[in-house]
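Raw upload32.cif, mmCIF, C-alpha atoms:
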data_protein
#
loop_
_atom_site.label_atom_id
_atom_site.label_comp_id
_atom_site.auth_asym_id
_atom_site.auth_seq_id
_atom_site.Cartn_x
_atom_site.Cartn_y
_atom_site.Cartn_z
CA MET U 1 -11.73 -12.33 12.73
CA ILE U 2 -9.33 -10.25 10.68
CA ALA U 3 -9.73 -9.96 6.93
CA ARG U 4 -8.30 -8.23 3.90
CA ASN U 5 -8.48 -8.06 0.12
CA GLU U 6 -5.13 -8.43 -1.62
CA ASP U 7 -5.32 -6.22 -4.69
CA TYR U 8 -2.75 -5.83 -7.46
CA PHE U 9 -2.09 -3.05 -9.95
CA HIS U 10 -3.57 -5.10 -12.79
CA ALA U 11 -5.83 -8.14 -13.13
CA PHE U 12 -3.34 -10.99 -12.78
CA ASN U 13 -0.92 -11.82 -9.98
CA PRO U 14 -1.42 -15.57 -9.38
CA LYS U 15 -1.50 -16.55 -5.70
CA ARG U 16 -1.19 -19.82 -3.79
CA PHE U 17 -2.06 -21.15 -0.33
CA VAL U 18 0.80 -22.97 1.42
CA VAL U 19 2.15 -24.18 4.74
CA MET U 20 5.61 -22.93 5.66
CA THR U 21 7.37 -25.45 7.91
CA PRO U 22 10.43 -24.45 9.97
CA ASP U 23 12.83 -26.15 7.55
CA LYS U 24 11.60 -23.87 4.73
CA GLN U 25 11.97 -20.66 6.72
CA PRO U 26 15.11 -18.63 5.91
CA GLN U 27 17.38 -17.47 8.72
CA HIS U 28 19.39 -15.05 6.60
CA TYR U 29 16.58 -13.16 4.88
CA ARG U 30 17.18 -10.84 1.94
CA SER U 31 14.31 -9.05 0.21
CA VAL U 32 14.19 -9.09 -3.57
CA ASN U 33 13.08 -5.52 -4.24
CA ALA U 34 14.81 -3.42 -1.59
CA LYS U 35 17.71 -5.86 -0.99
CA CYS U 36 17.21 -5.40 2.75
CA GLN U 37 18.92 -8.11 4.83
CA VAL U 38 17.42 -9.29 8.13
CA GLU U 39 18.92 -11.89 10.45
CA LEU U 40 16.03 -13.95 11.79
CA PRO U 41 15.83 -16.02 15.00
CA ASN U 42 16.62 -19.70 14.74
CA SER U 43 13.27 -20.72 16.22
CA PRO U 44 10.53 -20.32 13.60
CA GLN U 45 7.07 -21.82 13.98
CA ARG U 46 5.07 -23.45 11.25
CA TYR U 47 2.60 -21.05 9.62
CA THR U 48 0.29 -20.72 6.64
CA ALA U 49 0.86 -18.07 4.00
CA LEU U 50 -0.48 -16.73 0.70
CA PRO U 51 2.69 -16.01 -1.26
CA GLU U 52 3.54 -15.47 -4.90
CA ILE U 53 3.75 -18.58 -7.04
CA GLU U 54 7.17 -20.23 -6.94
CA SER U 55 8.25 -19.07 -10.41
CA MET U 56 7.75 -15.44 -9.31
CA GLU U 57 9.32 -15.50 -5.84
CA LYS U 58 12.90 -15.06 -7.12
CA LYS U 59 11.78 -12.19 -9.35
CA THR U 60 9.43 -10.28 -7.08
CA GLY U 61 9.80 -11.69 -3.53
CA ILE U 62 7.65 -13.83 -1.24
CA TRP U 63 4.75 -11.46 -0.38
CA GLY U 64 3.30 -13.82 2.25
CA GLU U 65 0.24 -11.56 2.79
CA GLY U 66 -1.55 -13.40 5.60
CA GLY U 67 -1.52 -16.52 7.73
CA ILE U 68 -1.88 -18.24 11.09
CA ASN U 69 1.02 -19.77 13.03
CA ASP U 70 1.37 -22.67 15.48
CA ALA U 71 0.53 -20.40 18.42
CA ASN U 72 -2.79 -19.46 16.79
CA VAL U 73 -1.67 -15.92 16.07
CA ALA U 74 -2.93 -14.45 12.81
CA MET U 75 -1.32 -11.70 10.77
CA SER U 76 -2.50 -9.89 7.64
CA ALA U 77 -0.02 -7.59 5.90
CA THR U 78 -0.45 -5.20 4.31
CA GLU U 79 -3.04 -2.64 3.42
CA THR U 80 -1.05 -0.07 1.44
CA SER U 81 -1.72 3.32 3.00
CA THR U 82 -1.19 7.03 2.40
CA THR U 83 0.57 9.76 4.31
CA ASN U 84 1.47 13.45 3.99
CA SER U 85 4.49 15.60 3.28
CA ARG U 86 4.65 16.95 6.84
CA ILE U 87 5.72 13.63 8.36
CA LEU U 88 7.79 12.65 5.32
CA GLY U 89 9.74 15.87 5.76
CA VAL U 90 10.57 14.80 9.32
CA ASP U 91 11.04 11.04 8.77
CA PRO U 92 11.49 10.21 5.07
CA LEU U 93 10.80 6.75 3.71
CA VAL U 94 13.79 4.41 3.48
CA LYS U 95 14.45 3.12 -0.04
CA LYS U 96 16.25 -0.02 1.20
CA GLY U 97 13.98 -0.76 4.14
CA ILE U 98 11.35 -3.44 4.70
CA GLY U 99 7.82 -3.54 3.28
CA GLU U 100 4.84 -5.66 2.32
CA GLU U 101 7.10 -8.13 0.53
CA ASP U 102 8.75 -9.01 3.84
CA PHE U 103 6.40 -8.44 6.80
CA VAL U 104 4.70 -11.83 7.14
CA THR U 105 7.90 -13.81 6.56
CA ILE U 106 10.01 -11.95 9.12
CA VAL U 107 7.33 -11.61 11.83
CA LEU U 108 4.59 -14.27 11.84
CA PRO U 109 6.81 -17.34 12.54
CA TYR U 110 8.22 -15.76 15.71
CA ILE U 111 5.28 -14.36 17.67
CA HIS U 112 2.98 -15.85 20.32
CA SER U 113 0.40 -13.08 20.70
CA ALA U 114 -1.04 -10.24 18.67
CA LYS U 115 0.59 -7.66 20.90
CA GLU U 116 3.96 -9.37 20.53
CA GLY U 117 3.54 -9.12 16.75
CA VAL U 118 3.09 -5.35 16.97
CA LYS U 119 6.21 -4.99 19.09
CA LEU U 120 8.38 -7.21 16.88
CA LEU U 121 7.36 -5.50 13.65
CA GLY U 122 7.80 -2.15 15.38
CA SER U 123 11.38 -3.02 16.31
CA TYR U 124 12.14 -3.95 12.70
CA LEU U 125 10.63 -0.69 11.43
CA GLU U 126 12.78 1.29 13.83
CA LYS U 127 15.93 -0.63 12.87
CA TYR U 128 15.57 -1.01 9.09
CA GLY U 129 12.96 1.57 8.14
CA THR U 130 10.31 1.11 5.48
CA TYR U 131 9.90 2.33 1.91
CA GLU U 132 6.09 2.60 2.01
CA SER U 133 3.15 3.37 4.26
CA ASN U 134 1.17 0.35 5.42
CA GLY U 135 -1.51 -0.97 7.76
CA VAL U 136 -1.09 -4.39 9.41
CA ILE U 137 -3.50 -6.51 11.49
CA PHE U 138 -2.60 -9.01 14.22
CA SER U 139 -5.00 -11.22 16.16
CA ASP U 140 -5.07 -14.04 18.71
CA ARG U 141 -7.90 -15.69 20.65
CA ASP U 142 -8.34 -12.60 22.85
CA ASP U 143 -7.16 -9.51 20.98
CA ILE U 144 -6.99 -7.75 17.63
CA TRP U 145 -4.40 -5.00 17.11
CA TYR U 146 -4.37 -2.67 14.10
CA MET U 147 -0.94 -1.16 13.35
CA GLU U 148 0.12 1.60 10.95
CA THR U 149 3.58 2.62 9.80
CA ILE U 150 4.44 6.31 10.05
CA GLY U 151 7.12 7.86 7.89
CA GLY U 152 10.28 5.82 7.45
CA HIS U 153 10.84 4.53 11.00
CA HIS U 154 7.80 5.21 13.18
CA TRP U 155 4.56 3.37 13.92
CA ALA U 156 1.42 3.31 16.06
CA ALA U 157 -1.06 0.56 16.94
CA LYS U 158 -4.42 0.38 18.65
CA ARG U 159 -6.32 -2.57 20.11
CA VAL U 160 -9.72 -3.01 18.49
CA PRO U 161 -12.50 -3.01 21.13
CA ASP U 162 -14.12 -6.42 21.61
CA ASP U 163 -17.54 -5.15 20.53
CA SER U 164 -16.35 -3.21 17.49
CA TYR U 165 -15.05 -3.53 13.95
CA VAL U 166 -12.56 -1.48 11.94
CA VAL U 167 -12.71 -0.68 8.22
CA ALA U 168 -9.37 0.39 6.75
CA PRO U 169 -9.22 1.47 3.10
CA ASN U 170 -5.92 2.56 1.54
CA TRP U 171 -5.36 5.56 3.78
CA PHE U 172 -4.34 6.31 7.36
CA SER U 173 -7.10 5.00 9.61
CA ILE U 174 -6.34 5.47 13.33
CA THR U 175 -8.04 8.56 14.74
CA ASP U 176 -8.17 9.31 18.50
CA PHE U 177 -5.00 8.13 20.21
CA ASP U 178 -3.98 8.21 23.86
CA PHE U 179 -0.26 7.50 24.25
CA LYS U 180 -0.75 6.50 27.90
CA ALA U 181 -3.67 4.11 27.41
CA ALA U 182 -3.40 0.34 27.82
CA ASP U 183 -4.95 -0.22 24.39
CA THR U 184 -2.29 1.68 22.43
CA LEU U 185 1.32 1.08 21.42
CA ALA U 186 3.68 3.34 19.48
CA SER U 187 7.28 4.23 18.78
CA ALA U 188 8.82 5.49 22.03
CA ASP U 189 9.53 8.94 20.59
CA LEU U 190 6.39 9.38 18.50
CA GLU U 191 4.56 11.77 20.83
CA GLN U 192 7.64 13.93 21.25
CA LEU U 193 8.20 13.94 17.49
CA ILE U 194 4.67 15.33 17.03
CA ILE U 195 5.34 18.04 19.59
CA ASP U 196 8.83 18.97 18.40
CA HIS U 197 7.81 19.34 14.77
CA HIS U 198 4.40 20.96 15.36
CA LEU U 199 2.56 18.18 13.48
CA ASN U 200 -0.71 18.30 15.42
CA ILE U 201 -2.96 20.47 13.27
CA ASP U 202 -5.95 20.24 15.66
CA GLY U 203 -4.29 22.26 18.39
CA ASP U 204 -6.63 21.12 21.16
CA GLY U 205 -4.27 18.83 23.06
CA SER U 206 -5.75 15.61 21.67
CA TYR U 207 -4.14 13.37 19.09
CA ASN U 208 -6.04 12.41 15.94
CA LEU U 209 -3.41 10.40 14.08
CA ARG U 210 -5.36 10.47 10.81
CA HIS U 211 -5.25 14.27 10.90
CA ILE U 212 -1.58 14.30 11.91
CA PHE U 213 -0.11 11.66 9.61
CA GLY U 214 -2.77 10.92 6.99
CA SER U 215 -3.50 12.31 3.56
CA HIS U 216 -6.48 14.39 2.52
CA ASN U 217 -5.94 14.32 -1.22
CA ASP U 218 -8.67 14.80 -3.78
CA SER U 219 -8.15 11.17 -4.80
CA ASP U 220 -9.05 9.98 -1.28
CA TYR U 221 -12.62 11.15 -1.82
CA ALA U 222 -13.05 8.78 -4.76
CA TYR U 223 -10.65 5.96 -3.88
CA ASN U 224 -10.69 5.54 -0.09
CA ILE U 225 -13.39 7.31 1.91
CA PRO U 226 -16.39 5.84 0.01
CA ARG U 227 -15.24 2.27 0.73
CA GLN U 228 -15.09 2.95 4.46
CA TRP U 229 -18.47 4.67 4.23
CA TYR U 230 -20.12 1.75 2.43
CA ILE U 231 -19.00 -0.99 4.82
CA GLN U 232 -19.98 1.11 7.83
CA LYS U 233 -23.34 1.61 6.08
CA LEU U 234 -23.69 -2.19 5.78
CA PHE U 235 -22.89 -2.86 9.42
CA ASN U 236 -24.63 0.23 10.84
CA PRO U 237 -27.54 0.90 8.48
CA SER U 238 -29.28 3.22 10.95
CA ASP U 239 -26.44 5.75 10.82
CA ILE U 240 -26.74 8.40 8.15
CA GLU U 241 -23.34 9.42 6.77
CA GLN U 242 -22.12 10.80 3.46
CA PRO U 243 -19.64 8.97 1.20
CA ASP U 244 -17.29 11.97 1.22
CA ASN U 245 -16.95 12.35 5.00
CA PRO U 246 -13.20 12.22 5.84
CA ASP U 247 -13.88 11.91 9.58
CA LEU U 248 -15.66 8.57 9.68
CA PRO U 249 -14.76 6.81 12.94
CA PHE U 250 -11.87 4.35 13.21
CA ALA U 251 -13.90 1.72 15.12
CA LYS U 252 -17.66 1.21 15.36
CA LYS U 253 -19.97 -1.15 17.22
CA PRO U 254 -22.13 -2.95 14.63
CA GLU U 255 -25.89 -3.19 14.91
CA HIS U 256 -25.70 -6.98 14.85
CA LEU U 257 -23.04 -9.60 15.51
CA LEU U 258 -20.88 -9.98 12.42
CA THR U 259 -20.56 -13.27 10.55
CA ILE U 260 -18.19 -14.66 7.95
CA GLU U 261 -20.97 -14.01 5.45
CA ASP U 262 -21.07 -10.32 6.43
CA VAL U 263 -17.33 -9.90 6.01
CA LYS U 264 -17.26 -11.72 2.68
CA TYR U 265 -20.12 -9.61 1.34
CA ALA U 266 -18.46 -6.39 2.47
CA LEU U 267 -15.10 -7.24 0.91
CA SER U 268 -16.81 -8.26 -2.33
CA SER U 269 -19.09 -5.25 -2.54
CA ARG U 270 -19.47 -2.59 -5.20
CA TYR U 271 -21.97 -0.19 -3.57
CA GLN U 272 -24.99 -2.41 -4.18
CA HIS U 273 -28.38 -0.73 -3.69
CA THR U 274 -26.90 2.73 -4.24
CA PRO U 275 -26.49 4.84 -7.42
CA TYR U 276 -22.73 4.16 -7.24
CA ASP U 277 -22.99 0.47 -8.20
CA PRO U 278 -21.20 0.13 -11.60
CA TYR U 279 -23.81 -2.45 -12.64
CA SER U 280 -26.82 -0.44 -11.45
CA ASP U 281 -29.55 1.17 -13.55
CA ARG U 282 -30.38 3.56 -10.71
CA GLY U 283 -27.63 6.11 -11.12
CA SER U 284 -26.19 8.23 -13.88
CA ASP U 285 -23.07 7.17 -15.73
CA ALA U 286 -21.08 9.63 -13.63
CA GLU U 287 -22.45 8.16 -10.39
CA ARG U 288 -21.76 4.57 -11.50
CA HIS U 289 -18.10 5.44 -12.01
CA ALA U 290 -17.66 7.92 -9.18
CA PHE U 291 -16.03 5.64 -6.59
CA ARG U 292 -13.53 2.79 -6.55
CA PRO U 293 -15.41 -0.45 -5.71
CA ILE U 294 -14.19 -2.85 -3.00
CA GLY U 295 -14.73 -6.02 -5.02
CA PHE U 296 -13.33 -5.46 -8.51
CA GLN U 297 -11.09 -6.75 -11.28
CA ARG U 298 -7.79 -6.39 -9.41
CA ASN U 299 -8.69 -8.58 -6.39
CA GLN U 300 -6.20 -11.46 -6.19
CA GLU U 301 -7.34 -13.15 -2.99
CA LEU U 302 -9.54 -12.51 0.02
CA HIS U 303 -8.63 -14.03 3.38
CA ILE U 304 -10.58 -14.04 6.62
CA LEU U 305 -8.34 -15.31 9.42
CA GLN U 306 -10.39 -16.64 12.31
CA ILE U 307 -9.07 -17.75 15.71
CA ARG U 308 -12.06 -19.47 17.29
CA ASN U 309 -12.25 -19.34 21.10
CA ASP U 310 -15.05 -21.88 21.53
CA VAL U 311 -13.10 -24.96 20.37
CA PRO U 312 -9.79 -26.59 21.40
CA ALA U 313 -6.67 -24.70 20.36
CA LYS U 314 -5.58 -27.51 18.03
CA ILE U 315 -8.51 -26.79 15.68
CA ALA U 316 -9.04 -23.10 16.44
CA GLY U 317 -7.28 -21.56 13.42
CA ILE U 318 -9.31 -21.25 10.20
CA CYS U 319 -8.23 -19.50 7.01
CA TRP U 320 -11.31 -18.61 4.96
CA LEU U 321 -9.99 -18.15 1.43
CA ALA U 322 -11.22 -16.98 -1.97
CA PHE U 323 -9.14 -16.38 -5.09
CA GLY U 324 -9.73 -13.90 -7.91
CA PRO U 325 -12.26 -11.03 -8.21
CA ASN U 326 -14.43 -11.22 -5.11
CA ALA U 327 -17.72 -10.29 -6.78
CA TYR U 328 -17.62 -13.69 -8.50
CA ASN U 329 -16.09 -16.18 -6.08
CA GLY U 330 -17.05 -18.31 -3.12
CA ILE U 331 -15.05 -18.44 0.11
CA ALA U 332 -13.97 -21.72 1.68
CA PRO U 333 -12.65 -22.52 5.21
CA PHE U 334 -9.36 -24.36 5.79
CA TYR U 335 -7.83 -25.61 9.03
CA THR U 336 -4.35 -24.14 9.54
CA ASN U 337 -2.94 -26.77 11.91
CA VAL U 338 -1.78 -28.87 8.95
CA LEU U 339 1.37 -29.73 7.01
CA ASP U 340 0.02 -29.32 3.49
CA THR U 341 -2.76 -27.59 1.57
CA PRO U 342 -5.09 -28.77 -1.25
CA ALA U 343 -3.65 -28.75 -4.78
CA GLN U 344 -6.48 -26.62 -6.22
CA TYR U 345 -5.31 -23.73 -4.01
CA ARG U 346 -1.60 -24.62 -3.68
CA ASP U 347 -0.35 -25.33 -7.20
CA THR U 348 -1.39 -22.19 -9.05
CA LYS U 349 0.28 -21.88 -12.45
CA PRO U 350 1.62 -18.64 -13.95
CA LYS U 351 -0.72 -18.95 -16.95
CA PHE U 352 -4.28 -20.16 -17.37
CA ASP U 353 -4.97 -23.62 -15.97
CA ILE U 354 -8.58 -24.64 -15.36
CA ASN U 355 -7.42 -26.99 -12.57
CA ASN U 356 -6.42 -23.98 -10.43
CA MET U 357 -9.11 -22.22 -8.41
CA TYR U 358 -7.42 -18.89 -9.15
CA TRP U 359 -7.81 -19.26 -12.92
CA LEU U 360 -11.24 -20.86 -12.70
CA ILE U 361 -12.60 -17.80 -10.87
CA HIS U 362 -11.04 -15.48 -13.45
CA THR U 363 -12.83 -17.48 -16.16
CA ILE U 364 -16.18 -17.07 -14.39
CA THR U 365 -15.50 -13.35 -13.95
CA THR U 366 -14.65 -12.82 -17.61
CA ILE U 367 -18.00 -14.25 -18.69
CA ALA U 368 -20.15 -12.77 -15.92
CA ASP U 369 -18.88 -9.20 -16.13
CA ASP U 370 -20.55 -8.60 -19.51
CA HIS U 371 -23.95 -9.75 -18.27
CA PRO U 372 -24.03 -9.54 -14.45
CA LYS U 373 -27.84 -9.69 -14.25
CA ARG U 374 -28.06 -12.71 -16.53
CA TYR U 375 -25.74 -14.72 -14.27
CA ASN U 376 -26.67 -13.26 -10.91
CA TYR U 377 -28.54 -16.27 -9.54
CA THR U 378 -25.80 -18.65 -10.67
CA ILE U 379 -23.13 -16.56 -8.92
CA GLU U 380 -25.23 -16.29 -5.77
CA ALA U 381 -25.63 -20.06 -5.72
CA LEU U 382 -21.85 -20.47 -6.01
CA LYS U 383 -21.29 -18.19 -3.03
CA GLN U 384 -23.94 -19.74 -0.81
CA ASN U 385 -23.15 -23.37 -1.59
CA THR U 386 -19.40 -22.92 -1.13
CA LEU U 387 -19.93 -21.32 2.26
CA GLY U 388 -22.65 -23.69 3.40
CA ASP U 389 -20.82 -26.87 2.45
CA GLY U 390 -17.58 -25.58 3.96
CA ARG U 391 -19.32 -24.78 7.22
CA HIS U 392 -20.84 -28.28 7.32
CA VAL U 393 -17.49 -30.03 6.88
CA ILE U 394 -15.94 -27.89 9.62
CA MET U 395 -18.80 -28.71 11.99
CA LEU U 396 -18.46 -32.46 11.44
CA THR U 397 -14.67 -32.38 11.58
CA ASP U 398 -14.63 -30.38 14.81
CA GLU U 399 -16.63 -33.17 16.46
CA GLU U 400 -14.33 -35.91 15.15
CA ALA U 401 -11.08 -34.08 15.79
CA ALA U 402 -11.82 -33.33 19.45
CA GLY U 403 -10.40 -36.72 20.49
CA LEU U 404 -7.46 -36.82 18.08
CA SER U 405 -3.86 -35.67 18.39
CA GLY U 406 -0.52 -35.92 16.60
CA LYS U 407 -0.43 -37.52 13.17
CA GLU U 408 -4.05 -38.68 13.40
CA LEU U 409 -5.21 -35.13 13.94
CA THR U 410 -3.09 -33.77 11.10
CA THR U 411 -4.36 -36.44 8.71
CA ARG U 412 -7.99 -35.73 9.65
CA LEU U 413 -7.67 -31.96 9.23
CA GLU U 414 -5.88 -32.30 5.91
CA ALA U 415 -8.61 -34.66 4.70
CA ALA U 416 -11.26 -32.13 5.69
CA ASN U 417 -9.38 -29.38 3.86
CA GLN U 418 -9.19 -31.51 0.74
CA GLN U 419 -12.89 -32.29 0.92
CA ILE U 420 -13.67 -28.58 1.25
CA ALA U 421 -11.36 -27.63 -1.63
CA THR U 422 -12.80 -30.30 -3.94
CA THR U 423 -16.35 -29.26 -3.12
CA ALA U 424 -15.54 -25.56 -3.64
CA TYR U 425 -13.88 -26.35 -6.96
CA ASN U 426 -16.85 -28.44 -8.08
CA HIS U 427 -19.26 -25.63 -7.20
CA ALA U 428 -17.16 -23.23 -9.27
CA MET U 429 -17.09 -25.66 -12.22
CA LYS U 430 -20.87 -26.12 -12.01
CA CYS U 431 -21.25 -22.34 -11.97
CA LEU U 432 -19.09 -22.06 -15.08
CA GLY U 433 -21.02 -24.83 -16.81
CA ASP U 434 -24.38 -23.24 -16.01
CA MET U 435 -23.12 -19.91 -17.34
CA VAL U 436 -21.97 -21.49 -20.61
CA GLU U 437 -25.30 -23.26 -21.09
CA THR U 438 -27.25 -20.08 -20.33
CA GLY U 439 -25.03 -17.78 -22.34
CA SER U 440 -24.85 -20.02 -25.40
CA LEU U 441 -28.59 -19.54 -25.92
CA GLN U 442 -28.02 -15.77 -26.12
CA ILE U 443 -25.22 -15.74 -28.69
CA ARG U 444 -25.91 -13.00 -31.24
CA LEU U 445 -24.12 -14.76 -34.10
CA ASN U 446 -27.24 -16.57 -35.18
CA PHE U 447 -29.42 -16.89 -38.28
#
The structure given in the file should be rewritten as structure tokens.
Amino acid sequence: MIARNEDYFHAFNPKRFVVMTPDKQPQHYRSVNAKCQVELPNSPQRYTALPEIESMEKKTGIWGEGGINDANVAMSATETSTTNSRILGVDPLVKKGIGEEDFVTIVLPYIHSAKEGVKLLGSYLEKYGTYESNGVIFSDRDDIWYMETIGGHHWAAKRVPDDSYVVAPNWFSITDFDFKAADTLASADLEQLIIDHHLNIDGDGSYNLRHIFGSHNDSDYAYNIPRQWYIQKLFNPSDIEQPDNPDLPFAKKPEHLLTIEDVKYALSSRYQHTPYDPYSDRGSDAERHAFRPIGFQRNQELHILQIRNDVPAKIAGICWLAFGPNAYNGIAPFYTNVLDTPAQYRDTKPKFDINNMYWLIHTITTIADDHPKRYNYTIEALKQNTLGDGRHVIMLTDEEAAGLSGKELTTRLEAANQQIATTAYNHAMKCLGDMVETGSLQIRLNF
């Protein structure tokens, strides 16, 4: 499993869930923002993506964000990261390079393994440069690789151990790095660049890339570090750490096997059961607003990309998807070996439309935020029922699809996706209706 929250700089950036078939894939790619032109191979695969709505693509770019291709390789891009002036002085960012707008579109259709994804994106970074610092995740049925851009043209990646998880907030995450190890990849000249420009501040012969290339700004202690601390606290509750520790480990072995439910909770969290929860009565006002929550107003979508290795390859890829602020949504599973996606998740409009899951979740959020305790049980029911019903449809469909192929298989998987989407939408509408009925009894304009 690889997963990420897509956040925006304000509350609304409508998203959609689509399938990109080879005939829709550009060969002569030109980004909207940086105007960078990339000639792409003439052999794209079909893949799922989470781009901007169509009316915005010509204005802002595609921003594909995450998906799974025909080869059952998943990619999530990007987690915007931070860096420092030492590396930017050596390798400045490239104003007309590639970035988050482009990564999924120019890489995911052309790769057949997670490691191949790292290498292809690395070659593009070296050729075109990038205008921002980013973290990218690739996975297949065997491996997960976490990759970070460094300066304008450099990069490093590390394979995540099979028994471990990684939490990456918006700052440089990779710590210990062995350039000669089988589980690392990097720009060919990266180690020499560190040596030549005296970038290794530890001075002990080891390489901690977070120390070398990352930031340690005052803002990191409120915006980034606490989010890493809280998720590691969820998955390793026996460990005692502080929310301002800048040296939390890159990868950790959890105390129990992680589930979809665990990942969804973590990416929707707001420091529950601590004084830092903005809705809590436990802490002071200063504590409740001390740290940037993980699930908050600016979430646009949450995807968990799962390549299952206990089922046939033709049904292995699942995109678990939730739209809108994650504290108030349910996540639903969708097969990715399909030619189309359900309308509730595909046809998002630029302005409010109750038929779109994106806008429905924003409606629920707008009501619930004022009285989170009043609506807590209703929201919890939405989350549990969406997940439970989605799991049940996947279980039944897996059994039926095992003997299908070709058009029959596609039709069956698309039908399952539609059933899941309709059920998820109905759960959200019931949640909204229950909230209206409950809230109407509390209206203060009464006599």
Listed atoms of region 201-209 of chain U boxed axis-aligned with 8 Å per side, centre + edges as AutoDock Vina command-line options:
--center_x -4.8 --center_y 16.3 --center_z 18.2 --size_x 19.7 --size_y 27.9 --size_z 25.8
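Using only C-alpha atoms, the nearest neighbour of Thr410 (chain U) within the list U:Asp340, U:Asp353, U:Asp204, U:Asp370 is U:Asp340.
With only C-alpha atoms as the atoms that count, the minimum distance from Ser31 (chain U) to the choices U:Val393, U:Ala313, U:Ile62, U:Ile201 is reached by U:Ile62.
Shortest separation to His371 (chain U) among U:Asn356, U:Asn326, U:Thr48, U:Thr438 occurs at residue U:Thr438, atoms counted being all atoms listed in the file.
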Would you tabulate, counting all atoms listed in the file, all residues of region 168-230 of chain U that have an atom at most 12 Å from an atom of region 128-137 of chain U, showing the closest pair of atoms and their distance in Å to one decimal, sorted by chain then ascending number, as CSV?
residue,atom,partner,partner_atom,distance
U:Ala168,CA,U:Gly135,CA,8.0
U:Pro169,CA,U:Gly135,CA,9.3
U:Asn170,CA,U:Asn134,CA,8.4
U:Trp171,CA,U:Asn134,CA,8.5
U:Phe172,CA,U:Gly135,CA,7.8
U:Ser173,CA,U:Gly135,CA,8.4
U:Ile174,CA,U:Gly135,CA,9.8
U:Phe213,CA,U:Ser133,CA,10.4
U:Gly214,CA,U:Ser133,CA,10.0
U:Ser215,CA,U:Ser133,CA,11.2
Distance CA of His154 (chain U)-CA of Asn224 (chain U), one decimal place?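 Distance between the two atoms: 22.8 Å.
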**Prompt:** Within 10 Å of Arg86 (chain U), counting only C-alpha atoms, which residues qualify if same-chain residues fewer than 4 places away don't, as a PyMOL selection string?
**Reply:** chain U and resi 90-92+151+197-199+212-215
Cys319 (chain U): which residues within 8 Å, counting only C-alpha atoms, same-chain residues fewer than 2 positions away excluded, as a PyMOL selection string? chain U and resi 67-68+303-306+317+321+333-336
With C-alpha atoms kept, could you save the residues just selected as a JSON list (two decimals), in the coordinates of the input?
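Output saved as part_19.json:
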[["chain", "number", "residue", "atom", "x", "y", "z"],
["U", 67, "GLY", "CA", -1.52, -16.52, 7.73],
["U", 68, "ILE", "CA", -1.88, -18.24, 11.09],
["U", 303, "HIS", "CA", -8.63, -14.03, 3.38],
["U", 304, "ILE", "CA", -10.58, -14.04, 6.62],
["U", 305, "LEU", "CA", -8.34, -15.31, 9.42],
["U", 306, "GLN", "CA", -10.39, -16.64, 12.31],
["U", 317, "GLY", "CA", -7.28, -21.56, 13.42],
["U", 321, "LEU", "CA", -9.99, -18.15, 1.43],
["U", 333, "PRO", "CA", -12.65, -22.52, 5.21],
["U", 334, "PHE", "CA", -9.36, -24.36, 5.79],
["U", 335, "TYR", "CA", -7.83, -25.61, 9.03],
["U", 336, "THR", "CA", -4.35, -24.14, 9.54]]
Answer key for the PyMOL selection byres ((chain U and resi 364) around 10), residues as JSON, numbers by chain
{"U": [324, 325, 328, 329, 359, 360, 361, 362, 363, 365, 366, 367, 368, 369, 375, 379, 428, 429, 431, 432, 433, 435, 436]}
Quick check, in Å to one decimal: how far apart do CA of Met20 (chain U) and CA of Pro109 (chain U) lie?
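Spanning CA of Met20 (chain U) to CA of Pro109 (chain U) is a straight-line distance of 8.9 Å.
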Option closest in space to Thr184 (chain U), from U:Arg391, U:Lys233, U:Lys115, U:Arg412 [counting only C-alpha atoms]: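 Distance minimum relative to Thr184 (chain U) lands on U:Lys115.
Of the residues listed (U:Leu409, U:Pro161, U:Asp277, U:Ala222), U:Leu409 shows the shortest atom-to-atom separation from Lys314 (chain U); distances use all atoms listed in the file.
The space between CA of Lys15 (chain U) and CA of Asn69 (chain U) spans 19.2 Å.
Proximity of U:Ile111, U:Leu209, U:Leu302, U:Ala188 to Ile87 (chain U), computed with only C-alpha atoms, is greatest for U:Leu209.
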**Asked** Can you list, as number ranges by chain, every protein, DNA or RNA residue that comes within 12 Å of Ala71 (chain U) when you count all atoms listed in the file, leaving out same-chain residues fewer than 6 positions away?
**Response** U: 44-48, 108-114, 116-117, 139-141, 307, 313-317, 336-337
For the residues in that selection, give me C-alpha atoms as a tab-separated table (two decimals), in the frame of the given file.
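This is the output file out-v7.tsv:
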chain	number	residue	atom	x	y	z
U	44	PRO	CA	10.53	-20.32	13.60
U	45	GLN	CA	7.07	-21.82	13.98
U	46	ARG	CA	5.07	-23.45	11.25
U	47	TYR	CA	2.60	-21.05	9.62
U	48	THR	CA	0.29	-20.72	6.64
U	108	LEU	CA	4.59	-14.27	11.84
U	109	PRO	CA	6.81	-17.34	12.54
U	110	TYR	CA	8.22	-15.76	15.71
U	111	ILE	CA	5.28	-14.36	17.67
U	112	HIS	CA	2.98	-15.85	20.32
U	113	SER	CA	0.40	-13.08	20.70
U	114	ALA	CA	-1.04	-10.24	18.67
U	116	GLU	CA	3.96	-9.37	20.53
U	117	GLY	CA	3.54	-9.12	16.75
U	139	SER	CA	-5.00	-11.22	16.16
U	140	ASP	CA	-5.07	-14.04	18.71
U	141	ARG	CA	-7.90	-15.69	20.65
U	307	ILE	CA	-9.07	-17.75	15.71
U	313	ALA	CA	-6.67	-24.70	20.36
U	314	LYS	CA	-5.58	-27.51	18.03
U	315	ILE	CA	-8.51	-26.79	15.68
U	316	ALA	CA	-9.04	-23.10	16.44
U	317	GLY	CA	-7.28	-21.56	13.42
U	336	THR	CA	-4.35	-24.14	9.54
U	337	ASN	CA	-2.94	-26.77	11.91
